[in-house]
$ cat input18.cif   # mmCIF, N, CA and C atoms
data_work
#
loop_
_atom_site.label_atom_id
_atom_site.label_comp_id
_atom_site.auth_asym_id
_atom_site.auth_seq_id
_atom_site.Cartn_x
_atom_site.Cartn_y
_atom_site.Cartn_z
N PRO A 270 72.21 -59.05 -22.34
CA PRO A 270 71.22 -58.60 -21.35
C PRO A 270 71.74 -57.41 -20.55
N VAL A 271 70.81 -56.56 -20.20
CA VAL A 271 71.14 -55.39 -19.39
C VAL A 271 70.14 -55.30 -18.24
N MET A 272 70.62 -54.85 -17.11
CA MET A 272 69.77 -54.68 -15.94
C MET A 272 69.57 -53.18 -15.74
N VAL A 273 68.32 -52.74 -15.71
CA VAL A 273 68.02 -51.35 -15.41
C VAL A 273 67.59 -51.30 -13.95
N LEU A 274 68.37 -50.62 -13.15
CA LEU A 274 68.08 -50.45 -11.73
C LEU A 274 67.30 -49.15 -11.61
N SER A 275 66.04 -49.27 -11.21
CA SER A 275 65.14 -48.13 -11.30
C SER A 275 64.58 -47.73 -9.94
N GLY A 276 64.69 -46.45 -9.64
CA GLY A 276 64.10 -45.90 -8.42
C GLY A 276 64.85 -44.68 -7.94
N GLY A 277 64.11 -43.64 -7.65
CA GLY A 277 64.70 -42.39 -7.20
C GLY A 277 64.91 -42.38 -5.70
N LYS A 278 65.15 -41.19 -5.18
CA LYS A 278 65.37 -41.01 -3.75
C LYS A 278 64.04 -40.96 -3.02
N ILE A 279 64.01 -41.59 -1.88
CA ILE A 279 62.83 -41.51 -1.02
C ILE A 279 62.86 -40.20 -0.24
N ALA A 280 64.05 -39.83 0.22
CA ALA A 280 64.26 -38.55 0.89
C ALA A 280 65.55 -37.94 0.35
N GLU A 281 65.67 -36.65 0.40
CA GLU A 281 66.83 -35.96 -0.18
C GLU A 281 68.16 -36.44 0.40
N ARG A 282 68.17 -36.80 1.65
CA ARG A 282 69.41 -37.22 2.29
C ARG A 282 69.77 -38.67 1.98
N ASP A 283 68.86 -39.43 1.38
CA ASP A 283 69.07 -40.85 1.10
C ASP A 283 69.75 -41.08 -0.24
N ILE A 284 70.35 -42.25 -0.37
CA ILE A 284 70.81 -42.74 -1.66
C ILE A 284 69.55 -43.16 -2.44
N SER A 285 69.59 -43.08 -3.75
CA SER A 285 68.42 -43.48 -4.53
C SER A 285 68.21 -44.99 -4.41
N GLU A 286 66.99 -45.45 -4.69
CA GLU A 286 66.73 -46.88 -4.69
C GLU A 286 67.63 -47.57 -5.71
N ALA A 287 67.80 -46.97 -6.88
CA ALA A 287 68.66 -47.53 -7.92
C ALA A 287 70.11 -47.60 -7.45
N GLY A 288 70.57 -46.56 -6.78
CA GLY A 288 71.93 -46.53 -6.26
C GLY A 288 72.15 -47.61 -5.20
N TYR A 289 71.14 -47.81 -4.37
CA TYR A 289 71.25 -48.85 -3.35
C TYR A 289 71.33 -50.23 -4.00
N MET A 290 70.49 -50.47 -5.03
CA MET A 290 70.54 -51.75 -5.74
C MET A 290 71.92 -51.97 -6.35
N GLN A 291 72.49 -50.92 -6.94
CA GLN A 291 73.82 -51.03 -7.54
C GLN A 291 74.85 -51.38 -6.47
N LYS A 292 74.75 -50.77 -5.31
CA LYS A 292 75.67 -51.03 -4.21
C LYS A 292 75.59 -52.49 -3.77
N VAL A 293 74.38 -53.01 -3.62
CA VAL A 293 74.19 -54.40 -3.21
C VAL A 293 74.73 -55.36 -4.27
N ILE A 294 74.48 -55.06 -5.53
CA ILE A 294 74.99 -55.92 -6.61
C ILE A 294 76.51 -55.93 -6.60
N LYS A 295 77.13 -54.77 -6.48
CA LYS A 295 78.60 -54.70 -6.46
C LYS A 295 79.19 -55.48 -5.29
N GLN A 296 78.50 -55.45 -4.16
CA GLN A 296 79.00 -56.16 -2.98
C GLN A 296 78.84 -57.68 -3.10
N ASN A 297 77.87 -58.12 -3.90
CA ASN A 297 77.54 -59.54 -3.92
C ASN A 297 77.77 -60.26 -5.24
N ALA A 298 77.97 -59.53 -6.32
CA ALA A 298 78.11 -60.16 -7.63
C ALA A 298 79.44 -60.89 -7.76
N THR A 299 79.38 -62.02 -8.41
CA THR A 299 80.60 -62.79 -8.66
C THR A 299 81.16 -62.52 -10.05
N GLN A 300 80.43 -61.75 -10.83
CA GLN A 300 80.89 -61.35 -12.17
C GLN A 300 80.36 -59.95 -12.46
N VAL A 301 80.86 -59.33 -13.50
CA VAL A 301 80.45 -57.98 -13.87
C VAL A 301 78.99 -58.01 -14.32
N VAL A 302 78.21 -57.07 -13.83
CA VAL A 302 76.80 -56.95 -14.19
C VAL A 302 76.63 -55.72 -15.06
N ASN A 303 76.05 -55.91 -16.22
CA ASN A 303 75.77 -54.81 -17.14
C ASN A 303 74.52 -54.08 -16.63
N ALA A 304 74.71 -52.97 -15.93
CA ALA A 304 73.59 -52.27 -15.29
C ALA A 304 73.55 -50.81 -15.72
N ILE A 305 72.33 -50.33 -15.89
CA ILE A 305 72.06 -48.93 -16.18
C ILE A 305 71.27 -48.39 -14.99
N LEU A 306 71.67 -47.25 -14.48
CA LEU A 306 70.93 -46.63 -13.38
C LEU A 306 69.85 -45.69 -13.91
N GLU A 307 68.66 -45.84 -13.36
CA GLU A 307 67.56 -44.91 -13.60
C GLU A 307 67.18 -44.44 -12.21
N ASP A 308 67.72 -43.30 -11.80
CA ASP A 308 67.54 -42.84 -10.42
C ASP A 308 66.75 -41.54 -10.31
N GLN A 309 65.96 -41.23 -11.33
CA GLN A 309 65.20 -39.97 -11.34
C GLN A 309 63.71 -40.16 -11.09
N SER A 310 63.22 -41.38 -11.04
CA SER A 310 61.78 -41.60 -10.93
C SER A 310 61.29 -41.42 -9.50
N ASP A 311 60.05 -40.99 -9.41
CA ASP A 311 59.40 -40.78 -8.11
C ASP A 311 58.31 -41.81 -7.82
N ASP A 312 57.91 -42.57 -8.84
CA ASP A 312 56.83 -43.53 -8.65
C ASP A 312 56.93 -44.63 -9.70
N THR A 313 56.03 -45.58 -9.62
CA THR A 313 56.06 -46.73 -10.52
C THR A 313 55.88 -46.32 -11.97
N TYR A 314 55.01 -45.39 -12.22
CA TYR A 314 54.79 -44.90 -13.59
C TYR A 314 56.12 -44.41 -14.17
N GLU A 315 56.83 -43.59 -13.42
CA GLU A 315 58.11 -43.06 -13.90
C GLU A 315 59.18 -44.14 -13.98
N ASN A 316 59.15 -45.13 -13.08
CA ASN A 316 60.10 -46.24 -13.18
C ASN A 316 60.02 -46.89 -14.55
N ILE A 317 58.82 -47.21 -14.98
CA ILE A 317 58.62 -47.89 -16.26
C ILE A 317 58.89 -46.94 -17.42
N LYS A 318 58.40 -45.72 -17.32
CA LYS A 318 58.61 -44.73 -18.39
C LYS A 318 60.10 -44.48 -18.63
N HIS A 319 60.84 -44.23 -17.55
CA HIS A 319 62.27 -43.95 -17.69
C HIS A 319 63.06 -45.20 -18.10
N THR A 320 62.60 -46.36 -17.67
CA THR A 320 63.24 -47.60 -18.10
C THR A 320 63.09 -47.75 -19.60
N ARG A 321 61.90 -47.48 -20.12
CA ARG A 321 61.67 -47.55 -21.56
C ARG A 321 62.60 -46.57 -22.29
N GLU A 322 62.78 -45.39 -21.74
CA GLU A 322 63.67 -44.40 -22.36
C GLU A 322 65.13 -44.89 -22.35
N LYS A 323 65.53 -45.60 -21.30
CA LYS A 323 66.90 -46.09 -21.20
C LYS A 323 67.17 -47.26 -22.15
N VAL A 324 66.15 -48.07 -22.40
CA VAL A 324 66.29 -49.24 -23.27
C VAL A 324 65.14 -49.25 -24.30
N PRO A 325 65.15 -48.31 -25.24
CA PRO A 325 64.01 -48.16 -26.15
C PRO A 325 63.75 -49.36 -27.04
N ASP A 326 64.75 -50.17 -27.32
CA ASP A 326 64.56 -51.31 -28.21
C ASP A 326 64.25 -52.61 -27.47
N ALA A 327 64.24 -52.57 -26.16
CA ALA A 327 63.99 -53.79 -25.39
C ALA A 327 62.56 -54.27 -25.59
N GLN A 328 62.40 -55.56 -25.69
CA GLN A 328 61.06 -56.13 -25.80
C GLN A 328 60.59 -56.69 -24.47
N SER A 329 61.41 -57.52 -23.86
CA SER A 329 60.98 -58.16 -22.62
C SER A 329 61.50 -57.41 -21.41
N LEU A 330 60.92 -57.72 -20.28
CA LEU A 330 61.27 -57.06 -19.03
C LEU A 330 61.06 -58.03 -17.89
N ILE A 331 61.95 -58.01 -16.92
CA ILE A 331 61.76 -58.77 -15.69
C ILE A 331 61.65 -57.76 -14.57
N ILE A 332 60.57 -57.82 -13.83
CA ILE A 332 60.33 -56.90 -12.72
C ILE A 332 60.61 -57.65 -11.42
N VAL A 333 61.41 -57.04 -10.56
CA VAL A 333 61.64 -57.58 -9.22
C VAL A 333 61.17 -56.50 -8.26
N SER A 334 60.18 -56.84 -7.46
CA SER A 334 59.61 -55.87 -6.53
C SER A 334 58.91 -56.63 -5.42
N ASP A 335 58.34 -55.89 -4.48
CA ASP A 335 57.56 -56.52 -3.43
C ASP A 335 56.29 -57.12 -4.02
N ARG A 336 55.86 -58.22 -3.45
CA ARG A 336 54.71 -58.98 -3.97
C ARG A 336 53.47 -58.10 -4.15
N PHE A 337 53.19 -57.22 -3.22
CA PHE A 337 51.99 -56.40 -3.30
C PHE A 337 52.06 -55.40 -4.45
N HIS A 338 53.23 -55.18 -5.01
CA HIS A 338 53.44 -54.14 -6.01
C HIS A 338 53.53 -54.68 -7.45
N ILE A 339 53.67 -55.98 -7.60
CA ILE A 339 53.93 -56.58 -8.90
C ILE A 339 52.82 -56.30 -9.92
N ALA A 340 51.58 -56.42 -9.54
CA ALA A 340 50.48 -56.29 -10.52
C ALA A 340 50.49 -54.93 -11.21
N ARG A 341 50.63 -53.87 -10.45
CA ARG A 341 50.62 -52.54 -11.06
C ARG A 341 51.84 -52.34 -11.95
N ALA A 342 52.99 -52.77 -11.50
CA ALA A 342 54.21 -52.66 -12.32
C ALA A 342 54.05 -53.46 -13.61
N TYR A 343 53.47 -54.65 -13.50
CA TYR A 343 53.25 -55.49 -14.67
C TYR A 343 52.36 -54.79 -15.69
N PHE A 344 51.23 -54.27 -15.26
CA PHE A 344 50.31 -53.61 -16.19
C PHE A 344 50.94 -52.37 -16.82
N LEU A 345 51.69 -51.61 -16.05
CA LEU A 345 52.36 -50.44 -16.61
C LEU A 345 53.41 -50.85 -17.64
N ALA A 346 54.15 -51.91 -17.37
CA ALA A 346 55.16 -52.38 -18.31
C ALA A 346 54.51 -52.84 -19.62
N ARG A 347 53.43 -53.59 -19.50
CA ARG A 347 52.73 -54.04 -20.71
C ARG A 347 52.16 -52.86 -21.48
N ARG A 348 51.61 -51.89 -20.78
CA ARG A 348 51.03 -50.70 -21.42
C ARG A 348 52.12 -49.89 -22.12
N ASN A 349 53.36 -50.02 -21.66
CA ASN A 349 54.46 -49.26 -22.23
C ASN A 349 55.24 -50.08 -23.26
N GLY A 350 54.66 -51.18 -23.71
CA GLY A 350 55.22 -51.92 -24.83
C GLY A 350 56.17 -53.06 -24.51
N PHE A 351 56.39 -53.36 -23.25
CA PHE A 351 57.22 -54.51 -22.91
C PHE A 351 56.37 -55.78 -23.01
N ASN A 352 56.88 -56.76 -23.75
CA ASN A 352 56.15 -58.02 -23.90
C ASN A 352 57.12 -59.06 -24.42
N PRO A 353 57.35 -60.10 -23.67
CA PRO A 353 56.71 -60.51 -22.43
C PRO A 353 57.28 -59.77 -21.21
N VAL A 354 56.51 -59.82 -20.14
CA VAL A 354 56.93 -59.26 -18.86
C VAL A 354 56.94 -60.40 -17.85
N PHE A 355 58.07 -60.58 -17.22
CA PHE A 355 58.22 -61.60 -16.18
C PHE A 355 58.39 -60.87 -14.85
N TRP A 356 58.20 -61.58 -13.76
CA TRP A 356 58.34 -60.94 -12.46
C TRP A 356 58.79 -61.96 -11.42
N ASP A 357 59.33 -61.41 -10.35
CA ASP A 357 59.69 -62.21 -9.18
C ASP A 357 59.61 -61.29 -7.98
N SER A 358 59.43 -61.91 -6.83
CA SER A 358 59.30 -61.14 -5.61
C SER A 358 59.93 -61.92 -4.47
N PRO A 359 60.83 -61.28 -3.72
CA PRO A 359 61.42 -61.97 -2.57
C PRO A 359 60.40 -62.09 -1.44
N GLN A 360 60.66 -62.99 -0.54
CA GLN A 360 59.82 -63.07 0.65
C GLN A 360 59.98 -61.77 1.44
N ALA A 361 58.88 -61.18 1.82
CA ALA A 361 58.91 -59.90 2.52
C ALA A 361 58.95 -60.11 4.04
N LYS A 362 59.99 -60.74 4.51
CA LYS A 362 60.12 -61.02 5.94
C LYS A 362 60.42 -59.77 6.75
N TYR A 363 60.78 -58.70 6.06
CA TYR A 363 61.13 -57.47 6.76
C TYR A 363 59.92 -56.60 7.06
N TYR A 364 58.71 -57.03 6.63
CA TYR A 364 57.48 -56.29 6.94
C TYR A 364 56.71 -57.01 8.04
N SER A 365 56.14 -56.22 8.93
CA SER A 365 55.24 -56.80 9.93
C SER A 365 53.87 -57.02 9.27
N ALA A 366 52.99 -57.75 9.95
CA ALA A 366 51.64 -57.98 9.42
C ALA A 366 50.90 -56.66 9.25
N GLU A 367 51.09 -55.73 10.18
CA GLU A 367 50.43 -54.43 10.08
C GLU A 367 50.94 -53.65 8.87
N GLU A 368 52.25 -53.70 8.66
CA GLU A 368 52.82 -53.01 7.49
C GLU A 368 52.30 -53.62 6.19
N MET A 369 52.22 -54.94 6.14
CA MET A 369 51.72 -55.60 4.93
C MET A 369 50.27 -55.19 4.67
N SER A 370 49.46 -55.12 5.69
CA SER A 370 48.07 -54.68 5.52
C SER A 370 48.03 -53.27 4.94
N TYR A 371 48.85 -52.40 5.48
CA TYR A 371 48.92 -51.02 4.98
C TYR A 371 49.33 -51.00 3.51
N TYR A 372 50.39 -51.74 3.17
CA TYR A 372 50.89 -51.70 1.79
C TYR A 372 49.91 -52.32 0.79
N TYR A 373 49.21 -53.37 1.17
CA TYR A 373 48.20 -53.93 0.27
C TYR A 373 47.04 -52.95 0.08
N PHE A 374 46.61 -52.29 1.15
CA PHE A 374 45.56 -51.28 1.02
C PHE A 374 46.03 -50.12 0.14
N ARG A 375 47.25 -49.67 0.37
CA ARG A 375 47.83 -48.57 -0.42
C ARG A 375 47.92 -48.96 -1.89
N GLU A 376 48.30 -50.18 -2.16
CA GLU A 376 48.42 -50.65 -3.54
C GLU A 376 47.06 -50.74 -4.21
N MET A 377 46.04 -51.14 -3.47
CA MET A 377 44.69 -51.19 -4.02
C MET A 377 44.25 -49.78 -4.42
N ALA A 378 44.51 -48.80 -3.58
CA ALA A 378 44.17 -47.41 -3.90
C ALA A 378 44.97 -46.92 -5.11
N ALA A 379 46.23 -47.29 -5.19
CA ALA A 379 47.07 -46.89 -6.32
C ALA A 379 46.56 -47.50 -7.62
N MET A 380 46.11 -48.74 -7.58
CA MET A 380 45.57 -49.37 -8.80
C MET A 380 44.35 -48.59 -9.30
N ILE A 381 43.50 -48.16 -8.39
CA ILE A 381 42.33 -47.36 -8.79
C ILE A 381 42.80 -46.03 -9.38
N TRP A 382 43.77 -45.39 -8.74
CA TRP A 382 44.31 -44.11 -9.21
C TRP A 382 44.93 -44.24 -10.61
N TYR A 383 45.52 -45.39 -10.91
CA TYR A 383 46.21 -45.61 -12.18
C TYR A 383 45.28 -46.05 -13.32
N ILE A 384 44.01 -46.32 -13.06
CA ILE A 384 43.10 -46.79 -14.11
C ILE A 384 43.14 -45.89 -15.35
N PRO A 385 43.05 -44.58 -15.22
CA PRO A 385 43.12 -43.74 -16.44
C PRO A 385 44.43 -43.92 -17.20
N LYS A 386 45.52 -44.16 -16.49
CA LYS A 386 46.82 -44.36 -17.16
C LYS A 386 46.83 -45.67 -17.92
N PHE A 387 46.11 -46.68 -17.42
CA PHE A 387 46.03 -47.97 -18.10
C PHE A 387 45.13 -47.88 -19.33
N VAL A 388 44.03 -47.16 -19.21
CA VAL A 388 42.99 -47.18 -20.24
C VAL A 388 43.23 -46.15 -21.33
N PHE A 389 43.57 -44.93 -20.94
CA PHE A 389 43.71 -43.85 -21.90
C PHE A 389 45.17 -43.61 -22.25
N ASN A 390 45.43 -42.58 -23.00
CA ASN A 390 46.80 -42.23 -23.35
C ASN A 390 47.48 -41.67 -22.11
N TRP A 391 48.17 -42.51 -21.40
CA TRP A 391 48.73 -42.16 -20.10
C TRP A 391 49.70 -41.00 -20.13
N SER A 392 50.40 -40.78 -21.22
CA SER A 392 51.37 -39.68 -21.27
C SER A 392 50.68 -38.32 -21.20
N LEU A 393 49.43 -38.24 -21.65
CA LEU A 393 48.70 -36.99 -21.58
C LEU A 393 48.11 -36.75 -20.19
N LEU A 394 47.94 -37.80 -19.44
CA LEU A 394 47.28 -37.69 -18.13
C LEU A 394 48.26 -37.46 -16.99
N TYR A 395 49.51 -37.64 -17.23
CA TYR A 395 50.49 -37.61 -16.15
C TYR A 395 51.42 -36.41 -16.31
N ASN A 396 51.39 -35.49 -15.43
CA ASN A 396 52.33 -34.35 -15.40
C ASN A 396 52.42 -33.84 -14.00
#

$ encode --input "input18.cif" --output "structure tokens"
Amino acid sequence: PVMVLSGGKIAERDISEAGYMQKVIKQNATQVVNAILEDQSDDTYENIKHTREKVPDAQSLIIVSDRFHIARAYFLARRNGFNPVFWDSPQAKYYSAEEMSYYYFREMAAMIWYIPKFVFNWSLLYN
């Protein structure tokens, strides 16, 4: 098994999301973790696309993300040939109720925006 830590920088001065995940794993792991960094993506589409490029022969995928984000990541993973796709989500105790409302609304808008990527040949629609 291999873990692909996926996510780019939120801001230029920040560590990438993938780099932060690697840091947390190194601080907390009790054994060596076989991890590949994918730190170039800017969005969920690129997370899945670049993950596929990093592990082209992989069939299954486990997605760990915030609960409001799982559905879109799941559909993108399935559309990109991962099957089966499993998921898990930690309790989001670090978000306030107002933030959660914002993120669920944002995710609903993103799902609508991604419909062409789900239905049509997404590689032609995204540049």

$ closest_residue --input "input18.cif" --among "A:Gln300, A:Lys292, A:Glu307, A:Glu376" --to "A:Val273" --atoms "only N, CA and C atoms"
A:Glu307

$ resolve_selection --input "input18.cif" --expression "the PyMOL selection byres ((chain A and resi 311) around 6.5)" --output "ChimeraX atom specification"
/A:276-278,309-310,312-313,315-316

$ select_by_dssp --input "input18.cif" --residues "chain A" --states "helix (DSSP H, G or I)" --output "ChimeraX atom specification"
/A:286-297,313-323,336-348,366-388,391-394

$ resolve_selection --input "input18.cif" --expression "the PyMOL selection byres ((chain A and resi 332) around 7)" --output "ChimeraX atom specification"
/A:330-331,333-334,354-358

$ atom_distance --input "input18.cif" --atom1 "atom CA of A:Phe387" --atom2 "atom CA of A:Glu322"
18.5 Å

$ decode --input "input18.cif" --residues "stretch 288-299 of chain A" --atoms "all heavy atoms" --output "PDB file, in the first residue's frame"
ATOM      1  N   GLY A 288       2.534  18.618   2.096  1.00  0.00           N
ATOM      2  CA  GLY A 288       3.685  18.742   2.976  1.00  0.00           C
ATOM      3  C   GLY A 288       3.285  18.757   4.444  1.00  0.00           C
ATOM      4  O   GLY A 288       3.958  18.171   5.293  1.00  0.00           O
ATOM      5  N   TYR A 289       2.182  19.427   4.732  1.00  0.00           N
ATOM      6  CA  TYR A 289       1.699  19.456   6.110  1.00  0.00           C
ATOM      7  C   TYR A 289       1.270  18.061   6.559  1.00  0.00           C
ATOM      8  O   TYR A 289       1.578  17.626   7.680  1.00  0.00           O
ATOM      9  CB  TYR A 289       0.546  20.452   6.261  1.00  0.00           C
ATOM     10  CG  TYR A 289       0.076  20.559   7.691  1.00  0.00           C
ATOM     11  CD1 TYR A 289       0.820  21.271   8.627  1.00  0.00           C
ATOM     12  CD2 TYR A 289      -1.074  19.918   8.106  1.00  0.00           C
ATOM     13  CE1 TYR A 289       0.414  21.358   9.938  1.00  0.00           C
ATOM     14  CE2 TYR A 289      -1.488  19.994   9.431  1.00  0.00           C
ATOM     15  CZ  TYR A 289      -0.744  20.707  10.338  1.00  0.00           C
ATOM     16  OH  TYR A 289      -1.141  20.777  11.644  1.00  0.00           O
ATOM     17  N   MET A 290       0.561  17.332   5.675  1.00  0.00           N
ATOM     18  CA  MET A 290       0.161  15.965   6.014  1.00  0.00           C
ATOM     19  C   MET A 290       1.386  15.095   6.295  1.00  0.00           C
ATOM     20  O   MET A 290       1.405  14.310   7.248  1.00  0.00           O
ATOM     21  CB  MET A 290      -0.674  15.355   4.890  1.00  0.00           C
ATOM     22  CG  MET A 290      -2.072  15.910   4.784  1.00  0.00           C
ATOM     23  SD  MET A 290      -2.991  15.096   3.459  1.00  0.00           S
ATOM     24  CE  MET A 290      -3.032  16.398   2.255  1.00  0.00           C
ATOM     25  N   GLN A 291       2.418  15.246   5.460  1.00  0.00           N
ATOM     26  CA  GLN A 291       3.646  14.474   5.654  1.00  0.00           C
ATOM     27  C   GLN A 291       4.278  14.806   7.007  1.00  0.00           C
ATOM     28  O   GLN A 291       4.740  13.919   7.726  1.00  0.00           O
ATOM     29  CB  GLN A 291       4.623  14.751   4.523  1.00  0.00           C
ATOM     30  CG  GLN A 291       5.896  13.936   4.625  1.00  0.00           C
ATOM     31  CD  GLN A 291       6.856  14.251   3.497  1.00  0.00           C
ATOM     32  OE1 GLN A 291       7.047  15.418   3.136  1.00  0.00           O
ATOM     33  NE2 GLN A 291       7.452  13.212   2.930  1.00  0.00           N
ATOM     34  N   LYS A 292       4.284  16.071   7.367  1.00  0.00           N
ATOM     35  CA  LYS A 292       4.852  16.510   8.641  1.00  0.00           C
ATOM     36  C   LYS A 292       4.094  15.880   9.815  1.00  0.00           C
ATOM     37  O   LYS A 292       4.700  15.371  10.760  1.00  0.00           O
ATOM     38  CB  LYS A 292       4.786  18.037   8.711  1.00  0.00           C
ATOM     39  CG  LYS A 292       5.339  18.652   9.949  1.00  0.00           C
ATOM     40  CD  LYS A 292       5.237  20.170   9.851  1.00  0.00           C
ATOM     41  CE  LYS A 292       5.599  20.832  11.150  1.00  0.00           C
ATOM     42  NZ  LYS A 292       5.459  22.289  11.075  1.00  0.00           N
ATOM     43  N   VAL A 293       2.770  15.891   9.753  1.00  0.00           N
ATOM     44  CA  VAL A 293       1.950  15.312  10.819  1.00  0.00           C
ATOM     45  C   VAL A 293       2.175  13.804  10.918  1.00  0.00           C
ATOM     46  O   VAL A 293       2.299  13.254  12.016  1.00  0.00           O
ATOM     47  CB  VAL A 293       0.453  15.638  10.603  1.00  0.00           C
ATOM     48  CG1 VAL A 293      -0.434  14.846  11.549  1.00  0.00           C
ATOM     49  CG2 VAL A 293       0.206  17.130  10.766  1.00  0.00           C
ATOM     50  N   ILE A 294       2.250  13.135   9.782  1.00  0.00           N
ATOM     51  CA  ILE A 294       2.491  11.686   9.786  1.00  0.00           C
ATOM     52  C   ILE A 294       3.846  11.382  10.408  1.00  0.00           C
ATOM     53  O   ILE A 294       3.966  10.491  11.250  1.00  0.00           O
ATOM     54  CB  ILE A 294       2.382  11.111   8.361  1.00  0.00           C
ATOM     55  CG1 ILE A 294       0.915  11.122   7.913  1.00  0.00           C
ATOM     56  CG2 ILE A 294       2.950   9.695   8.292  1.00  0.00           C
ATOM     57  CD1 ILE A 294       0.712  10.828   6.444  1.00  0.00           C
ATOM     58  N   LYS A 295       4.876  12.107  10.009  1.00  0.00           N
ATOM     59  CA  LYS A 295       6.218  11.866  10.564  1.00  0.00           C
ATOM     60  C   LYS A 295       6.254  12.084  12.072  1.00  0.00           C
ATOM     61  O   LYS A 295       6.953  11.378  12.790  1.00  0.00           O
ATOM     62  CB  LYS A 295       7.246  12.758   9.872  1.00  0.00           C
ATOM     63  CG  LYS A 295       7.617  12.268   8.492  1.00  0.00           C
ATOM     64  CD  LYS A 295       8.689  13.143   7.872  1.00  0.00           C
ATOM     65  CE  LYS A 295       9.099  12.607   6.513  1.00  0.00           C
ATOM     66  NZ  LYS A 295      10.125  13.419   5.873  1.00  0.00           N
ATOM     67  N   GLN A 296       5.497  13.063  12.547  1.00  0.00           N
ATOM     68  CA  GLN A 296       5.484  13.347  13.981  1.00  0.00           C
ATOM     69  C   GLN A 296       4.712  12.297  14.780  1.00  0.00           C
ATOM     70  O   GLN A 296       4.970  12.118  15.960  1.00  0.00           O
ATOM     71  CB  GLN A 296       4.870  14.727  14.247  1.00  0.00           C
ATOM     72  CG  GLN A 296       5.743  15.868  13.806  1.00  0.00           C
ATOM     73  CD  GLN A 296       5.048  17.220  13.921  1.00  0.00           C
ATOM     74  OE1 GLN A 296       3.834  17.305  14.106  1.00  0.00           O
ATOM     75  NE2 GLN A 296       5.826  18.286  13.798  1.00  0.00           N
ATOM     76  N   ASN A 297       3.764  11.617  14.130  1.00  0.00           N
ATOM     77  CA  ASN A 297       2.869  10.737  14.868  1.00  0.00           C
ATOM     78  C   ASN A 297       2.947   9.260  14.506  1.00  0.00           C
ATOM     79  O   ASN A 297       2.397   8.430  15.226  1.00  0.00           O
ATOM     80  CB  ASN A 297       1.425  11.210  14.683  1.00  0.00           C
ATOM     81  CG  ASN A 297       1.210  12.572  15.306  1.00  0.00           C
ATOM     82  OD1 ASN A 297       1.187  12.709  16.511  1.00  0.00           O
ATOM     83  ND2 ASN A 297       1.082  13.590  14.473  1.00  0.00           N
ATOM     84  N   ALA A 298       3.589   8.921  13.411  1.00  0.00           N
ATOM     85  CA  ALA A 298       3.624   7.525  12.975  1.00  0.00           C
ATOM     86  C   ALA A 298       4.522   6.684  13.868  1.00  0.00           C
ATOM     87  O   ALA A 298       5.571   7.144  14.314  1.00  0.00           O
ATOM     88  CB  ALA A 298       4.102   7.439  11.527  1.00  0.00           C
ATOM     89  N   THR A 299       4.080   5.476  14.112  1.00  0.00           N
ATOM     90  CA  THR A 299       4.882   4.545  14.903  1.00  0.00           C
ATOM     91  C   THR A 299       5.680   3.600  14.015  1.00  0.00           C
ATOM     92  O   THR A 299       6.456   2.791  14.509  1.00  0.00           O
ATOM     93  CB  THR A 299       3.979   3.723  15.840  1.00  0.00           C
ATOM     94  OG1 THR A 299       3.006   3.035  15.053  1.00  0.00           O
ATOM     95  CG2 THR A 299       3.288   4.631  16.844  1.00  0.00           C
TER      96      THR A 299
END
